[in-house]
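A short worksheet on the structure shown next.
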Amino acid sequence: MPGSVQQEPAYVLHRRPYRETSLLVDLFTLNNGRMTVVARGANGPRSPLKAQLQPFQPLLVDWQGRSDLKTLTQTDNRPGVSLGHGRALYSGFYLNELLQKLLPAGEASHGLFVAYLAALAELATGADVEPVLRRFEGALAESLGYGFAWDAVAGTGESVRDDRIYCYDPQQGILASPAPQARLQRLPGSVLLSIAAGNLAGDSERRVGKQVMRALVDFLLQGKPLNSRGLFGNKPST
């Protein structure tokens with residue numbers, strides 16, 4: 001990662017107090033992936049940075065430093081979208097927490113950055129959050145090397161058939177027969193094919209899509225909690 005960068009597109013994933021008047025800020029950036037910077041004095045009563053360093057606010061940031069912890073030197077706000085409140089806002093927090101906990105530091109993923117912008121834009125329109133979350137989870141899985149095809153059997157490339165039942169393993173994908181490592185059993189081929197075609201609106205597609213992606217996310221988290229899941233109440237979308 002370069003020692004000095006200017007005008008880097010970025011979003012705030014999380015921030016927390018650091019020392020007396022500063023903030024530690026986790027950023028998701030276009031060209032440098034996830035990184036943490038220190039915003040010196042940003043937690044002080046007269047600093048404008050505290051108001052600027054908000055989640056879902058598009059930024060252009062400058063930083064410098066040779067260590068893993070860079071120093072934020074300038075922040076420019078750009079026009080963005082508003083997630084309002086309720087499920088759209090909670091979904092945005094969920095996306096941020098996934099990136100914060102799963103994305104390796106310092107690894108750029110332009111495709112995932114674009115997917116994040118697209119997800120925020122959809123959430124801001126009041127769209128049904130579940131298809132938005134499933135698409136982003138899929139993009140994140142692909143970025144981390146765990147992408148899979150809903151309509152193909154792992155290992156063989158055989159096409160999923162609508163009259164058969166399948167299993168799912170996070171490390172392999174869709175399986176044609178039960179296996180000890182499979183996290184999910186009895187997934188209808190007809191539903192898998194429907195999801196592969198982009199249909200995430202039907203009840204069966206929503207249920208299976210959520211089951212599969214939750215199994216994958218839980219596998220990737222390796223026991224780390226996701227605090228944002230609690231925001232959705234008794235019927236989580238995540």
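Ligands are numbered from 1 in the order shown, residues from 1 within each chain, and chains are lettered A, B, ... in the order they appear in the structure tokens.
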Spatial neighbours of region 168-174 of chain A, max dist 6 Å, only C-alpha atoms, sep filter under 3 positions, as a PDB file with N, CA and C atoms, in the first residue's frame:
```
ATOM      1  N   PHE A 148     -19.963 -19.442  -6.315  1.00  0.00           N
ATOM      2  CA  PHE A 148     -20.432 -20.709  -6.867  1.00  0.00           C
ATOM      3  C   PHE A 148     -21.583 -20.433  -7.814  1.00  0.00           C
ATOM      4  N   VAL A 153     -23.458 -28.274 -10.608  1.00  0.00           N
ATOM      5  CA  VAL A 153     -22.952 -29.120  -9.528  1.00  0.00           C
ATOM      6  C   VAL A 153     -21.455 -28.926  -9.388  1.00  0.00           C
ATOM      7  N   ALA A 154     -21.003 -28.690  -8.158  1.00  0.00           N
ATOM      8  CA  ALA A 154     -19.585 -28.462  -7.906  1.00  0.00           C
ATOM      9  C   ALA A 154     -18.763 -29.684  -8.288  1.00  0.00           C
ATOM     10  N   ALA A 182     -21.704 -31.193   4.059  1.00  0.00           N
ATOM     11  CA  ALA A 182     -22.760 -30.331   3.530  1.00  0.00           C
ATOM     12  C   ALA A 182     -23.501 -29.633   4.667  1.00  0.00           C
ATOM     13  N   ARG A 183     -23.615 -28.317   4.587  1.00  0.00           N
ATOM     14  CA  ARG A 183     -24.314 -27.546   5.609  1.00  0.00           C
ATOM     15  C   ARG A 183     -25.825 -27.609   5.429  1.00  0.00           C
ATOM     16  N   LEU A 184     -26.276 -27.751   4.180  1.00  0.00           N
ATOM     17  CA  LEU A 184     -27.707 -27.744   3.893  1.00  0.00           C
ATOM     18  C   LEU A 184     -28.075 -28.950   3.042  1.00  0.00           C
ATOM     19  N   LEU A 216     -23.105 -19.745   4.147  1.00  0.00           N
ATOM     20  CA  LEU A 216     -21.814 -19.315   3.637  1.00  0.00           C
ATOM     21  C   LEU A 216     -21.214 -18.212   4.505  1.00  0.00           C
TER      22      LEU A 216
END
```
Using backbone DSSP assignments, extract all alpha helix (DSSP H) residues from region 48-175 of chain A; output them as a ChimeraX atom specification. /A:49-52,87-102,110-124,129-143
As an MDAnalysis selection string, please: every residue in region 30-180 of chain A that DSSP puts in strand (DSSP E or B). chainID A and resid 33:39 55 59:64 70:77 105 152 159 165:169 173:175
Given only C-alpha atoms as the basis, pick out the residue of A:Gly41, A:Leu99, A:Ala88, A:Asp68 nearest to Leu13 (chain A).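 With only C-alpha atoms as the atom set, the closest residue is A:Leu99.
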Show which residues sit within 9 Å of region 108-118 of chain A, as a list in words. Count only C-alpha atoms, and ignore same-chain residues fewer than 4 positions away. Phe28, Thr29, Leu30, Asn31, Asn32, Gly33, Arg34, Leu95, Glu122, Leu123, Val132, Arg135, Phe136, Ala139, Leu140, Glu142 and Ser143 of chain A
Output file for the selection above: C-alpha atoms, as a CSV table (one decimal), in the first residue's frame:
```csv
chain,number,residue,atom,x,y,z
A,28,PHE,CA,-13.6,0.7,2.2
A,29,THR,CA,-11.6,2.2,-0.6
A,30,LEU,CA,-11.7,1.7,-4.4
A,31,ASN,CA,-8.0,1.1,-5.0
A,32,ASN,CA,-6.7,0.0,-1.6
A,33,GLY,CA,-9.6,-2.2,-0.3
A,34,ARG,CA,-10.3,-2.2,3.4
A,95,LEU,CA,-23.1,-4.7,4.5
A,122,GLU,CA,-31.0,0.2,-4.4
A,123,LEU,CA,-31.5,0.4,-0.7
A,132,VAL,CA,-30.3,-6.6,-2.6
A,135,ARG,CA,-26.7,-10.1,-4.6
A,136,PHE,CA,-24.1,-8.3,-2.4
A,139,ALA,CA,-20.4,-10.5,-4.9
A,140,LEU,CA,-18.5,-10.7,-1.6
A,142,GLU,CA,-16.9,-14.2,-5.3
A,143,SER,CA,-14.3,-11.6,-4.2
```
Which neighbours of Leu69 (chain A) fall inside 7 Å, counting only C-alpha atoms, when residues of the same chain fewer than 2 positions from it are skipped, and could you give them as a PDB file with C-alpha atoms, in the first residue's frame?
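File selection-v4.pdb, as written:
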```pdb
ATOM      1  CA  THR A  36      -7.821   1.650   8.942  1.00  0.00           C
ATOM      2  CA  VAL A  37      -6.712   5.261   9.308  1.00  0.00           C
ATOM      3  CA  VAL A  38      -6.362   7.536  12.290  1.00  0.00           C
ATOM      4  CA  SER A  67       3.033   1.873   8.828  1.00  0.00           C
ATOM      5  CA  THR A  71      -2.979   9.142   9.030  1.00  0.00           C
TER       6      THR A  71
END
```
Nearby residues (only C-alpha atoms) at most 8 Å from region 159-166 of chain A, same-chain spacing under 3 positions excluded, as a ChimeraX atom specification: /A:150-153,174-178,185-193
